[in-house]
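Here's start_11.csv, which has CSV, C-alpha atoms (C1' of nucleotides):
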chain,number,residue,atom,x,y,z
E,567,MET,CA,0.0,0.0,0.0
E,568,THR,CA,1.4,3.4,-1.0
E,569,PRO,CA,1.3,6.1,1.7
E,570,THR,CA,-1.9,8.1,1.8
E,571,HIS,CA,-1.9,11.9,1.5
E,572,PRO,CA,-4.8,13.3,3.4
E,573,ASP,CA,-3.8,16.9,2.6
E,574,ALA,CA,-3.0,16.5,-1.1
E,575,ALA,CA,-5.4,17.0,-4.0
E,576,HIS,CA,-8.2,14.4,-4.2
E,577,PRO,CA,-9.4,14.0,-7.7
E,578,ASP,CA,-12.7,12.2,-8.1
E,579,THR,CA,-10.9,9.3,-9.8
E,580,ALA,CA,-8.8,8.6,-6.7
E,581,LEU,CA,-8.7,4.9,-6.0
E,582,SER,CA,-7.4,3.4,-2.8
E,583,ASP,CA,-4.8,0.8,-3.4
E,584,PHE,CA,-5.4,-1.2,-0.2
E,585,LEU,CA,-5.7,-4.7,-1.5
E,586,PRO,CA,-8.8,-5.9,0.5
E,587,PHE,CA,-10.8,-2.9,-0.7
E,588,LEU,CA,-9.7,-3.3,-4.3
E,589,LEU,CA,-10.7,-7.0,-4.2
E,590,PHE,CA,-14.0,-6.2,-2.6
E,591,GLN,CA,-14.9,-3.5,-5.2
E,592,ALA,CA,-13.9,-5.7,-8.1
E,593,ALA,CA,-15.9,-8.6,-6.7
E,594,GLU,CA,-19.0,-6.5,-6.1
E,595,LEU,CA,-18.9,-4.8,-9.5
E,596,THR,CA,-18.4,-7.9,-11.4
E,597,SER,CA,-20.8,-10.2,-9.6
E,598,ARG,CA,-23.5,-7.6,-9.6
E,599,GLN,CA,-23.3,-7.5,-13.4
E,600,PHE,CA,-23.8,-11.3,-13.6
E,601,GLN,CA,-26.5,-11.4,-11.0
E,602,SER,CA,-29.4,-10.8,-13.3
E,603,HIS,CA,-28.7,-13.9,-15.2
E,604,TYR,CA,-29.4,-16.3,-12.4
E,605,GLN,CA,-31.6,-14.1,-10.3
E,606,SER,CA,-34.4,-13.0,-12.6
E,607,ARG,CA,-34.6,-16.1,-14.7
E,608,TYR,CA,-34.2,-18.8,-12.1
E,609,GLY,CA,-34.8,-17.0,-8.8
E,610,MET,CA,-31.5,-18.0,-7.4
E,611,LEU,CA,-29.5,-15.9,-4.9
E,612,ARG,CA,-25.8,-15.4,-5.1
E,613,THR,CA,-24.9,-18.2,-2.7
E,614,GLU,CA,-27.3,-20.6,-4.5
E,615,TRP,CA,-25.7,-19.9,-7.8
E,616,ARG,CA,-22.3,-20.3,-6.2
E,617,VAL,CA,-23.2,-23.7,-4.7
E,618,MET,CA,-24.7,-24.8,-8.0
E,619,PHE,CA,-21.6,-23.8,-9.8
E,620,HIS,CA,-19.4,-25.7,-7.5
E,621,LEU,CA,-21.5,-28.8,-7.8
E,622,GLY,CA,-21.8,-28.5,-11.5
E,623,SER,CA,-18.1,-27.9,-12.1
E,624,GLY,CA,-16.7,-29.9,-9.3
E,625,GLY,CA,-19.1,-32.8,-9.4
E,626,ASP,CA,-21.3,-34.3,-6.6
E,627,GLN,CA,-19.9,-33.5,-3.2
E,628,THR,CA,-20.9,-33.0,0.4
E,629,ALA,CA,-21.8,-29.6,1.9
E,630,LYS,CA,-18.5,-29.6,3.8
E,631,GLN,CA,-16.6,-29.8,0.5
E,632,VAL,CA,-18.6,-27.0,-1.0
E,633,CYS,CA,-17.9,-24.9,2.1
E,634,ASP,CA,-14.1,-25.5,1.8
E,635,ARG,CA,-13.8,-25.0,-1.9
E,636,ALA,CA,-16.0,-21.9,-2.1
E,637,SER,CA,-15.0,-20.3,1.2
E,638,LEU,CA,-18.6,-20.2,2.3
E,639,HIS,CA,-19.9,-20.6,5.8
E,640,LYS,CA,-21.7,-23.8,6.5
E,641,THR,CA,-25.0,-22.1,7.5
E,642,LYS,CA,-24.9,-20.2,4.2
E,643,VAL,CA,-24.4,-23.4,2.3
E,644,SER,CA,-27.1,-25.2,4.4
E,645,ARG,CA,-29.7,-22.6,3.5
E,646,ALA,CA,-28.7,-22.4,-0.1
E,647,VAL,CA,-28.9,-26.2,-0.4
E,648,LYS,CA,-32.4,-26.1,1.1
E,649,ALA,CA,-33.5,-23.5,-1.3
E,650,LEU,CA,-32.0,-25.3,-4.3
E,651,GLU,CA,-33.7,-28.5,-3.2
E,652,GLU,CA,-37.1,-26.7,-2.9
E,653,LYS,CA,-36.6,-25.5,-6.5
E,654,ARG,CA,-35.8,-29.1,-7.5
E,655,PHE,CA,-32.4,-28.1,-8.8
E,656,LEU,CA,-30.6,-30.3,-6.4
E,657,SER,CA,-31.1,-33.6,-4.5
E,658,ARG,CA,-29.4,-35.3,-1.7
E,659,LYS,CA,-28.1,-38.9,-1.6
E,660,THR,CA,-27.1,-40.7,1.6
E,661,VAL,CA,-23.6,-41.8,1.7
E,662,THR,CA,-23.5,-45.3,3.4
E,663,HIS,CA,-20.2,-45.0,5.2
E,664,ASP,CA,-20.9,-41.8,7.0
E,665,ARG,CA,-24.5,-40.9,7.8
E,666,ARG,CA,-23.6,-37.4,9.1
E,667,SER,CA,-23.2,-36.0,5.6
E,668,GLU,CA,-25.1,-36.4,2.4
E,669,LEU,CA,-23.9,-36.2,-1.2
E,670,LEU,CA,-25.3,-33.2,-3.0
E,671,CYS,CA,-26.2,-33.7,-6.7
E,672,LEU,CA,-27.8,-31.5,-9.3
E,673,THR,CA,-31.0,-32.8,-10.7
E,674,LYS,CA,-31.5,-33.0,-14.5
E,675,GLN,CA,-33.2,-29.6,-14.3
E,676,GLY,CA,-30.3,-28.3,-12.2
E,677,GLN,CA,-27.8,-29.6,-14.6
E,678,ALA,CA,-29.6,-28.0,-17.5
E,679,ILE,CA,-29.7,-24.6,-15.8
E,680,PHE,CA,-26.0,-25.0,-14.8
E,681,ALA,CA,-25.1,-25.7,-18.4
E,682,ARG,CA,-27.0,-22.6,-19.7
E,683,LEU,CA,-25.5,-20.4,-17.0
E,684,THR,CA,-22.0,-21.7,-17.7
E,685,VAL,CA,-22.3,-20.6,-21.3
E,686,VAL,CA,-23.2,-17.1,-20.1
E,687,ALA,CA,-20.5,-17.1,-17.5
E,688,THR,CA,-17.9,-18.2,-20.1
E,689,ASP,CA,-19.0,-15.3,-22.4
E,690,PHE,CA,-18.9,-13.0,-19.4
E,691,ASP,CA,-15.4,-14.1,-18.6
E,692,LYS,CA,-14.4,-13.5,-22.2
E,693,THR,CA,-15.3,-9.9,-21.9
E,694,PHE,CA,-12.8,-9.6,-19.1
E,695,GLU,CA,-10.2,-11.3,-21.1
E,696,HIS,CA,-10.9,-9.0,-24.0
E,697,SER,CA,-10.9,-5.8,-22.0
E,698,LEU,CA,-7.9,-6.7,-19.8
E,699,GLY,CA,-5.9,-8.5,-22.5
E,700,ALA,CA,-5.2,-12.2,-22.4
E,701,GLN,CA,-1.9,-11.9,-20.5
E,702,ASP,CA,-3.1,-9.6,-17.8
E,703,HIS,CA,-6.3,-11.7,-17.4
E,704,ALA,CA,-4.3,-14.9,-17.0
E,705,ALA,CA,-1.9,-13.2,-14.6
E,706,LEU,CA,-4.9,-12.0,-12.5
E,707,VAL,CA,-6.5,-15.4,-12.3
E,708,SER,CA,-3.2,-17.1,-11.3
E,709,THR,CA,-2.3,-14.5,-8.7
E,710,LEU,CA,-5.8,-14.6,-7.2
E,711,GLN,CA,-5.5,-18.4,-7.0
E,712,LYS,CA,-2.2,-18.1,-5.3
E,713,LEU,CA,-3.6,-15.6,-2.8
E,714,ILE,CA,-6.6,-17.8,-2.0
E,715,VAL,CA,-4.5,-21.0,-1.5
E,716,MET,CA,-2.1,-19.1,0.8
E,717,HIS,CA,-4.8,-17.7,2.9
E,718,GLN,CA,-6.8,-20.9,3.0
E,719,SER,CA,-3.8,-22.9,4.3
E,720,LYS,CA,-3.5,-20.4,7.1
E,721,GLY,CA,-6.9,-21.4,8.3
A,894,MET,CA,-12.7,-19.2,-17.9
A,895,THR,CA,-11.5,-22.7,-18.9
A,896,PRO,CA,-14.1,-25.3,-19.7
A,897,THR,CA,-15.4,-27.3,-16.8
A,898,HIS,CA,-15.2,-31.0,-16.5
A,899,PRO,CA,-18.0,-32.4,-14.5
A,900,ASP,CA,-17.0,-35.9,-15.0
A,901,ALA,CA,-13.2,-35.6,-14.5
A,902,ALA,CA,-11.3,-36.1,-11.3
A,903,HIS,CA,-12.1,-33.5,-8.6
A,904,PRO,CA,-9.1,-33.0,-6.3
A,905,ASP,CA,-9.9,-31.1,-3.1
A,906,THR,CA,-7.7,-28.3,-4.2
A,907,ALA,CA,-9.8,-27.7,-7.3
A,908,LEU,CA,-10.4,-24.0,-7.7
A,909,SER,CA,-12.9,-22.6,-10.1
A,910,ASP,CA,-11.4,-19.9,-12.2
A,911,PHE,CA,-14.6,-17.9,-12.8
A,912,LEU,CA,-13.3,-14.4,-12.1
A,913,PRO,CA,-16.2,-13.1,-9.9
A,914,PHE,CA,-15.8,-16.1,-7.6
A,915,LEU,CA,-12.0,-15.7,-7.4
A,916,LEU,CA,-12.4,-12.1,-6.6
A,917,PHE,CA,-15.1,-12.8,-4.0
A,918,GLN,CA,-13.0,-15.5,-2.3
A,919,ALA,CA,-9.9,-13.4,-2.2
A,920,ALA,CA,-11.9,-10.4,-0.9
A,921,GLU,CA,-13.5,-12.5,1.8
A,922,LEU,CA,-10.3,-14.2,3.0
A,923,THR,CA,-8.2,-11.1,3.1
A,924,SER,CA,-10.8,-8.8,4.7
A,925,ARG,CA,-11.7,-11.3,7.3
A,926,GLN,CA,-8.1,-11.4,8.4
A,927,PHE,CA,-8.0,-7.7,8.9
A,928,GLN,CA,-11.4,-7.5,10.5
A,929,SER,CA,-10.2,-8.1,14.1
A,930,HIS,CA,-8.1,-4.9,14.0
A,931,TYR,CA,-11.0,-2.5,13.6
A,932,GLN,CA,-13.8,-4.6,15.1
A,933,SER,CA,-12.6,-5.8,18.5
A,934,ARG,CA,-10.7,-2.6,19.4
A,935,TYR,CA,-12.9,0.1,18.0
A,936,GLY,CA,-16.2,-1.6,17.6
A,937,MET,CA,-16.4,-0.8,13.9
A,938,LEU,CA,-18.1,-2.8,11.2
A,939,ARG,CA,-16.6,-3.4,7.8
A,940,THR,CA,-18.5,-0.7,6.1
A,941,GLU,CA,-17.7,1.8,8.9
A,942,TRP,CA,-14.0,1.0,8.5
A,943,ARG,CA,-14.3,1.4,4.8
A,944,VAL,CA,-16.0,4.8,5.1
A,945,MET,CA,-13.4,5.9,7.7
A,946,PHE,CA,-10.6,4.8,5.4
A,947,HIS,CA,-12.0,6.7,2.4
A,948,LEU,CA,-12.4,9.9,4.5
A,949,GLY,CA,-9.0,9.5,6.0
A,950,SER,CA,-7.1,8.9,2.8
A,951,GLY,CA,-9.3,10.9,0.5
A,952,GLY,CA,-10.0,13.9,2.7
A,953,ASP,CA,-13.3,15.3,3.8
A,954,GLN,CA,-16.1,14.6,1.3
A,955,THR,CA,-19.8,14.1,1.0
A,956,ALA,CA,-21.6,10.8,1.4
A,957,LYS,CA,-22.2,10.6,-2.4
A,958,GLN,CA,-18.5,10.9,-3.1
A,959,VAL,CA,-17.8,8.1,-0.6
A,960,CYS,CA,-20.4,5.9,-2.3
A,961,ASP,CA,-18.9,6.5,-5.7
A,962,ARG,CA,-15.3,6.0,-4.7
A,963,ALA,CA,-15.9,2.9,-2.5
A,964,SER,CA,-18.6,1.4,-4.6
A,965,LEU,CA,-20.9,1.3,-1.6
A,966,HIS,CA,-24.7,1.7,-1.7
A,967,LYS,CA,-26.0,4.9,-0.2
A,968,THR,CA,-28.0,3.3,2.5
A,969,LYS,CA,-25.0,1.4,3.7
A,970,VAL,CA,-23.0,4.6,3.8
A,971,SER,CA,-25.8,6.4,5.5
A,972,ARG,CA,-25.9,3.9,8.3
A,973,ALA,CA,-22.2,3.7,8.6
A,974,VAL,CA,-21.9,7.4,8.9
A,975,LYS,CA,-24.6,7.5,11.6
A,976,ALA,CA,-22.7,4.8,13.5
A,977,LEU,CA,-19.3,6.6,13.2
A,978,GLU,CA,-21.0,9.8,14.3
A,979,GLU,CA,-22.4,8.1,17.4
A,980,LYS,CA,-18.9,6.9,18.3
A,981,ARG,CA,-17.6,10.4,17.8
A,982,PHE,CA,-15.2,9.3,15.1
A,983,LEU,CA,-16.9,11.6,12.5
A,984,SER,CA,-18.7,14.9,12.3
A,985,ARG,CA,-20.8,16.6,9.6
A,986,LYS,CA,-20.3,20.1,8.3
A,987,THR,CA,-23.0,21.9,6.3
A,988,VAL,CA,-21.8,23.0,2.9
A,989,THR,CA,-23.3,26.4,2.3
A,990,HIS,CA,-24.0,26.2,-1.4
A,991,ASP,CA,-26.0,22.9,-1.3
A,992,ARG,CA,-27.9,22.1,1.8
A,993,ARG,CA,-28.8,18.6,0.6
A,994,SER,CA,-25.4,17.2,1.3
A,995,GLU,CA,-23.0,17.6,4.2
A,996,LEU,CA,-19.3,17.3,4.3
A,997,LEU,CA,-18.1,14.3,6.3
A,998,CYS,CA,-15.0,14.9,8.5
A,999,LEU,CA,-13.1,12.6,10.8
A,1000,THR,CA,-12.9,14.0,14.3
A,1001,LYS,CA,-9.5,14.2,16.1
A,1002,GLN,CA,-10.3,10.8,17.7
A,1003,GLY,CA,-11.4,9.5,14.3
A,1004,GLN,CA,-8.2,10.7,12.7
A,1005,ALA,CA,-6.1,9.1,15.5
A,1006,ILE,CA,-7.8,5.8,15.0
A,1007,PHE,CA,-7.4,6.1,11.2
A,1008,ALA,CA,-3.7,6.8,11.6
A,1009,ARG,CA,-3.3,3.7,13.9
A,1010,LEU,CA,-5.2,1.5,11.6
A,1011,THR,CA,-3.4,2.7,8.5
A,1012,VAL,CA,-0.1,1.6,10.1
A,1013,VAL,CA,-1.6,-1.9,10.6
A,1014,ALA,CA,-3.1,-1.9,7.1
A,1015,THR,CA,0.2,-1.0,5.6
A,1016,ASP,CA,1.9,-3.8,7.4
A,1017,PHE,CA,-0.8,-6.1,6.3
A,1018,ASP,CA,-0.4,-5.1,2.7
A,1019,LYS,CA,3.4,-5.7,3.0
A,1020,THR,CA,2.7,-9.3,3.8
A,1021,PHE,CA,0.9,-9.6,0.5
A,1022,GLU,CA,3.7,-8.0,-1.3
A,1023,HIS,CA,6.1,-10.3,0.4
A,1024,SER,CA,4.2,-13.5,-0.3
A,1025,LEU,CA,3.2,-12.7,-3.8
A,1026,GLY,CA,6.4,-10.9,-4.8
A,1027,ALA,CA,6.6,-7.2,-5.5
A,1028,GLN,CA,6.0,-7.5,-9.2
A,1029,ASP,CA,2.9,-9.8,-9.0
A,1030,HIS,CA,1.6,-7.6,-6.2
A,1031,ALA,CA,2.0,-4.5,-8.3
A,1032,ALA,CA,0.5,-6.1,-11.3
A,1033,LEU,CA,-2.5,-7.3,-9.2
A,1034,VAL,CA,-3.2,-3.9,-7.9
A,1035,SER,CA,-2.9,-2.2,-11.3
A,1036,THR,CA,-5.1,-4.8,-13.0
A,1037,LEU,CA,-7.8,-4.6,-10.3
A,1038,GLN,CA,-7.8,-0.8,-10.6
A,1039,LYS,CA,-8.2,-1.1,-14.3
A,1040,LEU,CA,-11.1,-3.6,-13.8
A,1041,ILE,CA,-12.8,-1.3,-11.4
A,1042,VAL,CA,-12.5,1.8,-13.5
A,1043,MET,CA,-13.9,0.0,-16.5
A,1044,HIS,CA,-16.9,-1.4,-14.7
A,1045,GLN,CA,-17.6,1.9,-12.9
A,1046,SER,CA,-17.8,3.8,-16.1
A,1047,LYS,CA,-20.3,1.3,-17.4
A,1048,GLY,CA,-22.7,2.3,-14.6
H,947,DG,C1',-17.6,-51.1,25.7
H,948,DC,C1',-18.4,-46.6,27.6
H,949,DA,C1',-17.4,-41.8,28.3
H,950,DT,C1',-15.8,-37.9,26.1
H,951,DA,C1',-14.7,-35.2,22.3
H,952,DA,C1',-15.0,-33.8,17.6
H,953,DA,C1',-17.3,-33.3,12.9
H,954,DG,C1',-21.3,-32.5,9.6
H,955,DG,C1',-25.5,-30.1,9.4
H,956,DT,C1',-29.5,-27.6,11.0
H,957,DT,C1',-32.1,-24.3,13.7
H,958,DA,C1',-32.9,-19.9,16.5
H,959,DC,C1',-32.0,-15.3,17.3
H,960,DG,C1',-30.3,-10.9,16.8
H,961,DT,C1',-27.9,-7.9,13.5
H,962,DT,C1',-27.0,-6.3,8.9
H,963,DT,C1',-28.4,-5.8,4.4
H,964,DG,C1',-31.1,-4.5,0.0
H,965,DT,C1',-35.3,-2.7,-2.2
H,966,DA,C1',-38.5,0.6,-2.3
H,967,DA,C1',-40.7,4.5,-0.6
H,968,DC,C1',-40.0,8.8,1.3
H,969,DT,C1',-38.3,13.8,2.6
H,970,DA,C1',-35.9,17.8,1.4
H,971,DA,C1',-33.2,20.7,-1.6
H,972,DC,C1',-31.9,22.0,-6.1
H,973,DA,C1',-32.5,22.4,-11.4
H,974,DA,C1',-34.9,23.1,-15.7
H,975,DC,C1',-38.4,24.7,-18.4
H,976,DG,C1',-42.7,26.9,-19.4
T,520,DC,C1',-42.6,32.4,-10.4
T,521,DG,C1',-44.8,27.5,-10.5
T,522,DT,C1',-44.7,23.0,-12.1
T,523,DT,C1',-42.0,19.0,-13.0
T,524,DG,C1',-38.0,16.3,-12.6
T,525,DT,C1',-33.6,15.1,-10.4
T,526,DT,C1',-30.3,14.5,-6.7
T,527,DA,C1',-28.6,13.7,-1.7
T,528,DG,C1',-29.8,11.4,2.0
T,529,DT,C1',-32.9,8.8,5.4
T,530,DT,C1',-36.2,5.5,6.9
T,531,DA,C1',-39.4,1.1,6.8
T,532,DC,C1',-39.8,-3.4,6.0
T,533,DA,C1',-38.6,-7.8,4.6
T,534,DA,C1',-34.9,-10.8,3.3
T,535,DA,C1',-30.3,-12.6,4.2
T,536,DC,C1',-26.6,-13.0,7.2
T,537,DG,C1',-23.4,-14.5,11.3
T,538,DT,C1',-22.8,-16.3,15.9
T,539,DA,C1',-23.9,-19.5,18.9
T,540,DA,C1',-26.5,-23.3,20.5
T,541,DC,C1',-28.1,-27.6,19.1
T,542,DC,C1',-28.8,-32.6,17.3
T,543,DT,C1',-26.6,-36.7,15.1
T,544,DT,C1',-23.1,-39.5,14.0
T,545,DT,C1',-18.3,-40.8,14.1
T,546,DA,C1',-13.7,-40.8,16.3
T,547,DT,C1',-10.7,-41.1,20.5
T,548,DG,C1',-9.1,-42.6,25.1
T,549,DC,C1',-9.4,-45.4,28.9
What would you get if you wrote out this structure as structure tokens?
Amino acid sequence: MTPTHPDAAHPDTALSDFLPFLLFQAAELTSRQFQSHYQSRYGMLRTEWRVMFHLGSGGDQTAKQVCDRASLHKTKVSRAVKALEEKRFLSRKTVTHDRRSELLCLTKQGQAIFARLTVVATDFDKTFEHSLGAQDHAALVSTLQKLIVMHQSKG
Amino acid sequence: MTPTHPDAAHPDTALSDFLPFLLFQAAELTSRQFQSHYQSRYGMLRTEWRVMFHLGSGGDQTAKQVCDRASLHKTKVSRAVKALEEKRFLSRKTVTHDRRSELLCLTKQGQAIFARLTVVATDFDKTFEHSLGAQDHAALVSTLQKLIVMHQSKG
DNA sequence: GCATAAAGGTTACGTTTGTAACTAACAACG
DNA sequence: CGTTGTTAGTTACAAACGTAACCTTTATGC
């Protein structure tokens, strides 16, 4: 973070360079733009779409695994799973060896919606790649992944 | 975004590379780590700290300006300002030429806390720079700023 | 084996948030 | 001027969230 200058000129374009803020802003702005696609058409909330995405792209898995991979709190996942289940986008299968957890699976309908949204998401991602340039885009993704892995391992 | 492989192997380290998710995760993980500094000691919430930071580093400004620069919704800012005011970290000054908006200013106490937190934030940021490497860190910041500016101009 | 602890999920409760409706002040246009 | 529209900010209400407590089931220690 570069030093701040409270007494210097403050043009309206001023952007803080404190990493957590930049990340937050970028996350907000980008995810808001994509929101309409899953919200208006399928009535899903952000967390529901996130859970669906992780199941669709990562395959059937338990709630715990979704929590870990998506960095989502277990209550958030629990509620999203319930909502997706009520919409018939998701179903649960008991795993014989451990009856505490269930395997979460997208239904046919859930898979179909995931497929459609994945197309839109891929297009959306292409606009980033286009506007940032392929190199910067790839660097951004790789650096973010590094950052996430580092912070996850710290607990 | 690379194509997903629902039927391939799914190691636990699998990370989706959909940019909005990566940004969200990175933002969550990093801001959570910093949270304790402003929350436990000064009783501030995330939005309050964000507003304080923007006032401290950007100088006195109206709520509208804070909204625009921090990409925060006006109701969130309104409530954060109220909370900061009640803690005596912030005061309002009427601007003569337009009585709709007021200038938000950190009090002496607010400035002192901002200064202390800025030190911590700078240290925190240095750990990113250290773990990512100075070049990658700089590239990350610059790319995020580009991304934010682009999406802000789109409305 | 039985007690105790830990892990996967859910529920309850208070707080925070977002959407929409509202107030007040300014601008534009006749 | 006065009517209409817009902007800055607040408030009301319902929805979503986080923390902590809880229920099961599995692991650990004796």
Result of fitting chain E to chain A over every paired C-alpha, as a compact mmCIF listing (two decimals) with C-alpha atoms, keeping the file's coordinate frame:
# COMPACT_ATOMS: atom_id res chain seq x y z
CA MET E 567 -12.81 -19.24 -17.98
CA THR E 568 -11.44 -22.68 -18.90
CA PRO E 569 -14.06 -25.35 -19.70
CA THR E 570 -15.29 -27.28 -16.70
CA HIS E 571 -15.08 -31.09 -16.54
CA PRO E 572 -17.89 -32.41 -14.46
CA ASP E 573 -16.85 -36.04 -15.07
CA ALA E 574 -13.10 -35.70 -14.55
CA ALA E 575 -11.21 -36.18 -11.29
CA HIS E 576 -11.95 -33.53 -8.63
CA PRO E 577 -9.07 -33.15 -6.30
CA ASP E 578 -9.80 -31.29 -3.09
CA THR E 579 -7.53 -28.45 -4.23
CA ALA E 580 -9.70 -27.75 -7.28
CA LEU E 581 -10.26 -24.05 -7.67
CA SER E 582 -12.79 -22.53 -10.02
CA ASP E 583 -11.28 -19.99 -12.29
CA PHE E 584 -14.46 -17.94 -12.86
CA LEU E 585 -13.28 -14.45 -12.17
CA PRO E 586 -16.21 -13.17 -9.97
CA PHE E 587 -15.82 -16.15 -7.64
CA LEU E 588 -12.06 -15.81 -7.43
CA LEU E 589 -12.43 -12.09 -6.58
CA PHE E 590 -15.08 -12.81 -4.03
CA GLN E 591 -13.00 -15.52 -2.25
CA ALA E 592 -9.90 -13.37 -2.21
CA ALA E 593 -11.85 -10.42 -0.86
CA GLU E 594 -13.52 -12.45 1.87
CA LEU E 595 -10.32 -14.19 2.97
CA THR E 596 -8.31 -11.13 3.12
CA SER E 597 -10.79 -8.76 4.72
CA ARG E 598 -11.77 -11.31 7.29
CA GLN E 599 -8.13 -11.46 8.41
CA PHE E 600 -8.05 -7.65 8.90
CA GLN E 601 -11.42 -7.47 10.53
CA SER E 602 -10.27 -8.04 14.05
CA HIS E 603 -8.19 -4.98 14.01
CA TYR E 604 -11.02 -2.53 13.67
CA GLN E 605 -13.79 -4.66 15.04
CA SER E 606 -12.62 -5.74 18.47
CA ARG E 607 -10.66 -2.66 19.34
CA TYR E 608 -12.91 0.06 18.03
CA GLY E 609 -16.25 -1.68 17.48
CA MET E 610 -16.41 -0.73 13.89
CA LEU E 611 -18.10 -2.84 11.18
CA ARG E 612 -16.65 -3.41 7.78
CA THR E 613 -18.54 -0.60 6.07
CA GLU E 614 -17.63 1.82 8.91
CA TRP E 615 -14.00 1.05 8.56
CA ARG E 616 -14.32 1.41 4.81
CA VAL E 617 -15.98 4.84 5.09
CA MET E 618 -13.38 5.93 7.62
CA PHE E 619 -10.64 4.85 5.35
CA HIS E 620 -12.00 6.73 2.46
CA LEU E 621 -12.39 9.87 4.49
CA GLY E 622 -9.03 9.53 6.05
CA SER E 623 -7.20 8.85 2.80
CA GLY E 624 -9.31 10.86 0.49
CA GLY E 625 -9.99 13.80 2.74
CA ASP E 626 -13.35 15.38 3.81
CA GLN E 627 -16.07 14.59 1.34
CA THR E 628 -19.81 14.15 1.04
CA ALA E 629 -21.58 10.79 1.41
CA LYS E 630 -22.23 10.75 -2.34
CA GLN E 631 -18.47 10.87 -2.98
CA VAL E 632 -17.81 8.09 -0.55
CA CYS E 633 -20.51 6.02 -2.25
CA ASP E 634 -18.91 6.54 -5.72
CA ARG E 635 -15.34 5.99 -4.72
CA ALA E 636 -15.97 2.93 -2.54
CA SER E 637 -18.75 1.35 -4.60
CA LEU E 638 -21.02 1.33 -1.60
CA HIS E 639 -24.75 1.80 -1.59
CA LYS E 640 -25.97 5.04 -0.19
CA THR E 641 -28.08 3.42 2.59
CA LYS E 642 -24.98 1.48 3.66
CA VAL E 643 -22.97 4.64 3.80
CA SER E 644 -25.84 6.52 5.59
CA ARG E 645 -25.93 3.96 8.37
CA ALA E 646 -22.21 3.70 8.68
CA VAL E 647 -21.94 7.50 8.92
CA LYS E 648 -24.55 7.48 11.69
CA ALA E 649 -22.72 4.88 13.58
CA LEU E 650 -19.36 6.61 13.19
CA GLU E 651 -20.92 9.86 14.36
CA GLU E 652 -22.41 8.13 17.47
CA LYS E 653 -18.88 6.87 18.26
CA ARG E 654 -17.60 10.45 17.80
CA PHE E 655 -15.23 9.37 15.08
CA LEU E 656 -16.82 11.56 12.53
CA SER E 657 -18.72 14.89 12.30
CA ARG E 658 -20.73 16.59 9.71
CA LYS E 659 -20.31 20.17 8.41
CA THR E 660 -22.94 21.98 6.34
CA VAL E 661 -21.80 23.02 3.00
CA THR E 662 -23.30 26.54 2.27
CA HIS E 663 -23.86 26.19 -1.44
CA ASP E 664 -25.85 23.03 -1.36
CA ARG E 665 -27.85 22.21 1.75
CA ARG E 666 -28.83 18.71 0.51
CA SER E 667 -25.43 17.26 1.36
CA GLU E 668 -23.07 17.66 4.24
CA LEU E 669 -19.28 17.39 4.36
CA LEU E 670 -18.13 14.40 6.34
CA CYS E 671 -14.96 14.87 8.46
CA LEU E 672 -13.11 12.67 10.88
CA THR E 673 -12.88 14.02 14.35
CA LYS E 674 -9.48 14.18 16.13
CA GLN E 675 -10.31 10.82 17.70
CA GLY E 676 -11.31 9.49 14.28
CA GLN E 677 -8.17 10.71 12.74
CA ALA E 678 -6.10 9.11 15.45
CA ILE E 679 -7.79 5.73 15.01
CA PHE E 680 -7.44 6.07 11.18
CA ALA E 681 -3.74 6.71 11.57
CA ARG E 682 -3.23 3.64 13.85
CA LEU E 683 -5.29 1.44 11.54
CA THR E 684 -3.40 2.66 8.48
CA VAL E 685 -0.14 1.53 10.02
CA VAL E 686 -1.64 -1.94 10.50
CA ALA E 687 -3.15 -1.96 7.06
CA THR E 688 0.21 -0.94 5.51
CA ASP E 689 1.93 -3.85 7.37
CA PHE E 690 -0.89 -6.11 6.28
CA ASP E 691 -0.41 -5.07 2.70
CA LYS E 692 3.30 -5.73 3.01
CA THR E 693 2.65 -9.31 3.80
CA PHE E 694 0.87 -9.63 0.50
CA GLU E 695 3.68 -8.00 -1.28
CA HIS E 696 6.12 -10.32 0.41
CA SER E 697 4.18 -13.49 -0.23
CA LEU E 698 3.17 -12.63 -3.82
CA GLY E 699 6.43 -10.90 -4.79
CA ALA E 700 6.64 -7.21 -5.53
CA GLN E 701 5.99 -7.55 -9.28
CA ASP E 702 3.00 -9.80 -9.06
CA HIS E 703 1.56 -7.63 -6.22
CA ALA E 704 1.93 -4.46 -8.28
CA ALA E 705 0.47 -6.18 -11.34
CA LEU E 706 -2.55 -7.30 -9.23
CA VAL E 707 -3.23 -3.87 -7.84
CA SER E 708 -3.00 -2.22 -11.31
CA THR E 709 -5.18 -4.81 -13.02
CA LEU E 710 -7.79 -4.62 -10.25
CA GLN E 711 -7.81 -0.83 -10.65
CA LYS E 712 -8.27 -1.17 -14.33
CA LEU E 713 -11.14 -3.61 -13.85
CA ILE E 714 -12.89 -1.35 -11.34
CA VAL E 715 -12.58 1.82 -13.53
CA MET E 716 -13.94 -0.10 -16.55
CA HIS E 717 -16.87 -1.42 -14.72
CA GLN E 718 -17.60 1.82 -12.92
CA SER E 719 -17.75 3.77 -16.21
CA LYS E 720 -20.32 1.30 -17.43
CA GLY E 721 -22.60 2.38 -14.66
- When you get a sec, could you note down which chain T residues fall within 12 Å of chain A, using only C-alpha atoms (C1' of nucleotides), as a list of chain:residue names?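 That gives T:DT526, T:DA527, T:DG528, T:DT529, T:DT530 for chain T.
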As a PDB file with C-alpha atoms (C1' of nucleotides), in the coordinates of the input, please: the residues near H:DG976 (cut-off 12 Å, only C-alpha atoms (C1' of nucleotides), same-chain neighbours under 3 positions excluded).
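Output file around10.pdb is given in full below:
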ATOM      1  C1'  DC T 520     -42.600  32.400 -10.400  1.00  0.00           C
ATOM      2  C1'  DG T 521     -44.800  27.500 -10.500  1.00  0.00           C
ATOM      3  C1'  DT T 522     -44.700  23.000 -12.100  1.00  0.00           C
ATOM      4  C1'  DT T 523     -42.000  19.000 -13.000  1.00  0.00           C
TER       5       DT T 523
END
